[in-house]
Amino acid sequence: MKNSKAYAQHEGKVVEADSRFKHVMAVTLNPHAGNREGVIRCITSRSGEMGIRGNVDRSVLYKMRGDTLEQFVIGDPLIIKGEEVMIQQLGGDNWDFIGLEDPDIWIDESTGKMHLYFTIALISKDRSKEHSLISLGHAEGDDLDSLVMTVPAITADKREYSNHKAKEVSIAPVNRNGVRLNLVESGDRRKDPFYDTSRYAEDTSFSTVRVAVAEDMGKPWHLDDIVFHPADHKIPWVAEHASPGPLLPHSFIDVGDDKVLGIMNGREASNLDAAGKPIKYGTFSVGLFIYDYERGKIEWVSPEPLIRDSEAQTITFASYFIETNSDEGVLYAHVDDSFVRAYTLYTGGIRALLP
C-alpha cells in the first residue's frame with residue numbers, strides 16, 4: 001500500500017560538523033560509488049549572524065564517505081587542480097574569494113566522466129559596495145581524486161548590479177534539439193517607485209530561476225530567460241528568493257511527456273525596519289515545481305511549501321535526491337546552514353499535492 005504522507009523527516013543528522021568546523025551544508029553524492037561518497041560544503045568562518053543581512057560565510061569543499069545513506073563522515077579537503085589559477089583569472093586583486101560552495105556531481109553516462117559544478121563566490125573588497133561575482137564553476141575528471149578545474153560553465157559579469165550570475169544548478173534531461181535547458185539560481189535587482197511596501201523594500205535584490213543552455217556539459221553554457229521571478233507571483237513561501245533544487249526522475253514520479261517534477265528552495269520576503277530597509281531574511285523552505293525541459297518553462301510552483309524541518313529556525317534547503325525504490329526516495333537538505341538531514345519522499349503523498 002502506498003504511503004499517503006508526502007514525506008517523513010528522519011531522526012538525527014546525516015552529516016554534522018566535527019572539531020574542524022562549526023557548520024556544514026550542501027551535500028552531493030556520487031551515484032557511481034553507490035551514493036556512499038560525495039562532497040560537502042564546510043564553513044570555515046562566519047562573520048555575522050545566520051539569516052541577518054551582511055553575514056559572510058567562508059567555505060571549503062570536503063570529501064565525505066558513508067557506509068549507509070543515513071550517516072556520513074567528513075574526510076579530506078577536495079583538491080581541484082588549477083583552482084588557484086582560475087580564481088585569480090576570475091577575480092584579480094580587487095575581489096575577495098570566499099570559497100567554493102553548493103557542489104553538484106553529474107556523471108556523463110556515455111563516457112563515465114565525472115563533472116562537478118559549484119559556486120565560485122567572490123565579493124568586492126570595497127565593503128561599501130554590495131557587489132559580488134557569482135559564477136557557476138566546473139571541474140571534471142575520472143573521480144573525486146582527479147578533478148581539474150576548467151573555465152566556468154557560467155562566468156559572472158563584473159559590471160555592478162549585473163544579473164549575469166549563476167549558482168545552484170539543476171541538470172535537465174536532453175531535449176529533442178540535443179541540448180539541456182538546465183536551471184540555475186540567478187539574480188535580479190528592482191527599484192520601482194510603485195513597489196509593494198507590504199512585501200518588499202523599495203530597492204530589492206531577488207533570486208530568480210533562469211535557464212542555462214548547455215550544448216556541451218564540459219564547456220561554457222549561456223544564460224537564457226528567467227522562468228520564475230518571485231516578484232511576479234504572489235506565493236508567500238517563495239516571495240523573494242527562488243533556487244532550483246534536484247529534478248526528480250520519471251521513474252519516481254511521472255508528470256507527463258517532456259516534464260519533470262523538481263524541488264525548489266524558496267525564501268519568504270525579508271523583514272523590514274521602520275524605514276523600509278531589509279534587516280533580516282525570511283524563512284527558507286522546500287517546495288515543488290513542474291518543469292517543461294523541452295521548452296524551458298516552469299509550469300507550476302506549489303502554493304505551499306513541502307518541507308520545513310522541525311528544528312529549523314530559518315532555513316531548510318534541499319540539495320540532493322536518491323530514488324530508493326519505485327515509490328520512495330531520500331532527499332537531503334541542510335538545516336540553518338549548520339547540519340544535513342534526510343527525508344523520505346513518498347510518491348503517493350506527493351502526487352496528491354500536484355495540480
# chains A, B, ... in the order shown; residues from 1 in each chain; ligands from 1
call {"tool": "residues_around", "arguments": {"residues": "range 321-336 of chain A", "least_positions_apart": "4", "cutoff": "6 Å", "atoms": "only C-alpha atoms", "output": "PyMOL selection string"}}
result
chain A and resi 25+252+312+315-317+340-347
call {"tool": "residues_around", "arguments": {"residues": "Lys167 in chain A", "least_positions_apart": "5", "cutoff": "6 Å", "atoms": "only C-alpha atoms", "output": "list in words"}}
result
Thr119, Leu136, Val184 and Glu185 of chain A
call {"tool": "write_last_selection", "arguments": {"atoms": "N, CA and C atoms", "output": "PDB file, in the first residue's frame"}}
result
ATOM      1  N   THR A 119      29.501  26.736  -6.922  1.00  0.00           N
ATOM      2  CA  THR A 119      29.529  28.191  -6.916  1.00  0.00           C
ATOM      3  C   THR A 119      30.944  28.676  -6.635  1.00  0.00           C
ATOM      4  N   LEU A 136      29.162  29.971 -11.917  1.00  0.00           N
ATOM      5  CA  LEU A 136      28.938  28.529 -11.799  1.00  0.00           C
ATOM      6  C   LEU A 136      30.191  27.835 -12.308  1.00  0.00           C
ATOM      7  N   VAL A 184      19.288  27.317 -13.212  1.00  0.00           N
ATOM      8  CA  VAL A 184      20.220  27.847 -12.218  1.00  0.00           C
ATOM      9  C   VAL A 184      19.515  28.928 -11.416  1.00  0.00           C
ATOM     10  N   GLU A 185      20.045  29.160 -10.244  1.00  0.00           N
ATOM     11  CA  GLU A 185      19.659  30.348  -9.489  1.00  0.00           C
ATOM     12  C   GLU A 185      20.452  31.530 -10.036  1.00  0.00           C
TER      13      GLU A 185
END
call {"tool": "atom_distance", "arguments": {"atom1": "CA of Pro103 in chain A", "atom2": "CA of Glu311 in chain A"}}
result
24.0 Å
call {"tool": "select_by_dssp", "arguments": {"residues": "range 82-293 of chain A", "states": "strand (DSSP E)", "output": "number ranges by chain"}}
result
A: 95-107, 114-124, 132-141, 148-149, 167-170, 180-191, 203-214, 222-228, 241-247, 259-267, 271-272, 278-280, 284-292
call {"tool": "atom_distance", "arguments": {"atom1": "CA of Lys22 in chain A", "atom2": "CA of Asn94 in chain A"}}
result
28.8 Å
call {"tool": "closest_residue", "arguments": {"among": "A:Thr44, A:Ser251, A:Thr283, A:Ser170", "to": "Ala17 in chain A", "atoms": "only C-alpha atoms"}}
result
A:Thr44
call {"tool": "residues_around", "arguments": {"residues": "His164 in chain A", "least_positions_apart": "4", "cutoff": "12 Å", "atoms": "only C-alpha atoms", "output": "number ranges by chain"}}
result
A: 132-136, 154-160, 184-189, 207-208, 210-212, 222-226
call {"tool": "write_last_selection", "arguments": {"atoms": "N, CA and C atoms", "output": "compact mmCIF listing (two decimals), in the first residue's frame"}}
result
# COMPACT_ATOMS: atom_id res chain seq x y z
N SER A 132 29.03 41.45 -5.85
CA SER A 132 29.61 40.11 -5.81
C SER A 132 29.71 39.55 -7.22
N LEU A 133 30.64 38.62 -7.39
CA LEU A 133 30.77 37.86 -8.62
C LEU A 133 30.43 36.41 -8.28
N ILE A 134 29.34 35.92 -8.81
CA ILE A 134 28.87 34.57 -8.50
C ILE A 134 28.86 33.78 -9.81
N SER A 135 29.86 32.93 -9.99
CA SER A 135 29.99 32.12 -11.20
C SER A 135 29.66 30.67 -10.90
N LEU A 136 29.16 29.97 -11.92
CA LEU A 136 28.94 28.53 -11.80
C LEU A 136 30.19 27.83 -12.31
N ILE A 154 29.29 29.09 -16.32
CA ILE A 154 28.77 30.44 -16.49
C ILE A 154 29.65 31.38 -15.68
N THR A 155 30.21 32.38 -16.33
CA THR A 155 31.10 33.34 -15.68
C THR A 155 30.35 34.63 -15.39
N ALA A 156 30.41 35.09 -14.13
CA ALA A 156 29.71 36.31 -13.75
C ALA A 156 30.31 37.53 -14.45
N ASP A 157 29.45 38.51 -14.69
CA ASP A 157 29.85 39.78 -15.30
C ASP A 157 30.29 40.73 -14.19
N LYS A 158 31.40 41.44 -14.39
CA LYS A 158 31.93 42.33 -13.36
C LYS A 158 31.20 43.66 -13.26
N ARG A 159 30.28 43.94 -14.18
CA ARG A 159 29.55 45.20 -14.08
C ARG A 159 28.68 45.21 -12.82
N GLU A 160 28.68 46.35 -12.14
CA GLU A 160 27.91 46.46 -10.91
C GLU A 160 26.43 46.27 -11.21
N VAL A 184 19.29 27.32 -13.21
CA VAL A 184 20.22 27.85 -12.22
C VAL A 184 19.52 28.93 -11.42
N GLU A 185 20.05 29.16 -10.24
CA GLU A 185 19.66 30.35 -9.49
C GLU A 185 20.45 31.53 -10.04
N SER A 186 19.75 32.59 -10.37
CA SER A 186 20.40 33.82 -10.83
C SER A 186 19.87 34.98 -9.98
N GLY A 187 19.98 36.19 -10.48
CA GLY A 187 19.57 37.33 -9.67
C GLY A 187 18.93 38.43 -10.49
N ASP A 188 18.21 39.29 -9.80
CA ASP A 188 17.63 40.47 -10.43
C ASP A 188 17.43 41.52 -9.35
N ARG A 189 17.75 42.75 -9.67
CA ARG A 189 17.58 43.84 -8.71
C ARG A 189 16.56 44.82 -9.29
N SER A 207 16.39 36.59 -5.93
CA SER A 207 16.98 35.41 -6.55
C SER A 207 15.91 34.79 -7.45
N THR A 208 16.30 34.52 -8.68
CA THR A 208 15.37 34.03 -9.69
C THR A 208 15.84 32.68 -10.22
N ARG A 210 16.53 30.63 -13.66
CA ARG A 210 16.82 31.01 -15.04
C ARG A 210 17.31 29.79 -15.81
N VAL A 211 17.05 29.77 -17.09
CA VAL A 211 17.52 28.70 -17.96
C VAL A 211 18.98 28.94 -18.33
N ALA A 212 19.77 27.88 -18.29
CA ALA A 212 21.16 27.90 -18.75
C ALA A 212 21.29 26.83 -19.83
N HIS A 222 25.26 29.23 -21.85
CA HIS A 222 24.82 30.62 -21.87
C HIS A 222 23.48 30.77 -21.17
N LEU A 223 23.36 31.88 -20.44
CA LEU A 223 22.12 32.17 -19.73
C LEU A 223 21.03 32.60 -20.69
N ASP A 224 19.82 32.11 -20.41
CA ASP A 224 18.67 32.46 -21.24
C ASP A 224 17.61 33.11 -20.34
N ASP A 225 16.35 32.80 -20.59
CA ASP A 225 15.26 33.51 -19.94
C ASP A 225 15.15 33.21 -18.44
N ILE A 226 14.66 34.19 -17.70
CA ILE A 226 14.17 33.95 -16.33
C ILE A 226 12.84 33.23 -16.45
call {"tool": "closest_residue", "arguments": {"among": "A:Gly92, A:Glu70, A:Tyr320, A:Val15", "to": "Asn30 in chain A", "atoms": "only C-alpha atoms"}}
result
A:Tyr320
call {"tool": "closest_residue", "arguments": {"among": "A:Thr28, A:Gly99, A:Gly82, A:Ser338", "to": "Ser59 in chain A", "atoms": "only C-alpha atoms"}}
result
A:Gly99
call {"tool": "closest_residue", "arguments": {"among": "A:Lys13, A:His131, A:Arg46, A:Lys297", "to": "Val260 in chain A", "atoms": "only C-alpha atoms"}}
result
A:Lys297
call {"tool": "atom_distance", "arguments": {"atom1": "CA of Asn35 in chain A", "atom2": "CA of Ala121 in chain A"}}
result
26.8 Å
call {"tool": "select_by_dssp", "arguments": {"residues": "range 83-162 of chain A", "states": "helix (DSSP H, G or I)", "output": "ChimeraX atom specification"}}
result
/A:83-94
call {"tool": "closest_residue", "arguments": {"among": "A:Ala172, A:Val227, A:Ile253, A:Ala242", "to": "Gly349 in chain A", "atoms": "only C-alpha atoms"}}
result
A:Ile253
call {"tool": "closest_residue", "arguments": {"among": "A:Val255, A:Asn271, A:Ile171, A:Trp95", "to": "Pro355 in chain A", "atoms": "only C-alpha atoms"}}
result
A:Val255
call {"tool": "residues_around", "arguments": {"residues": "Gly287 in chain A", "least_positions_apart": "3", "cutoff": "9 Å", "atoms": "only C-alpha atoms", "output": "count of residues only"}}
result
14
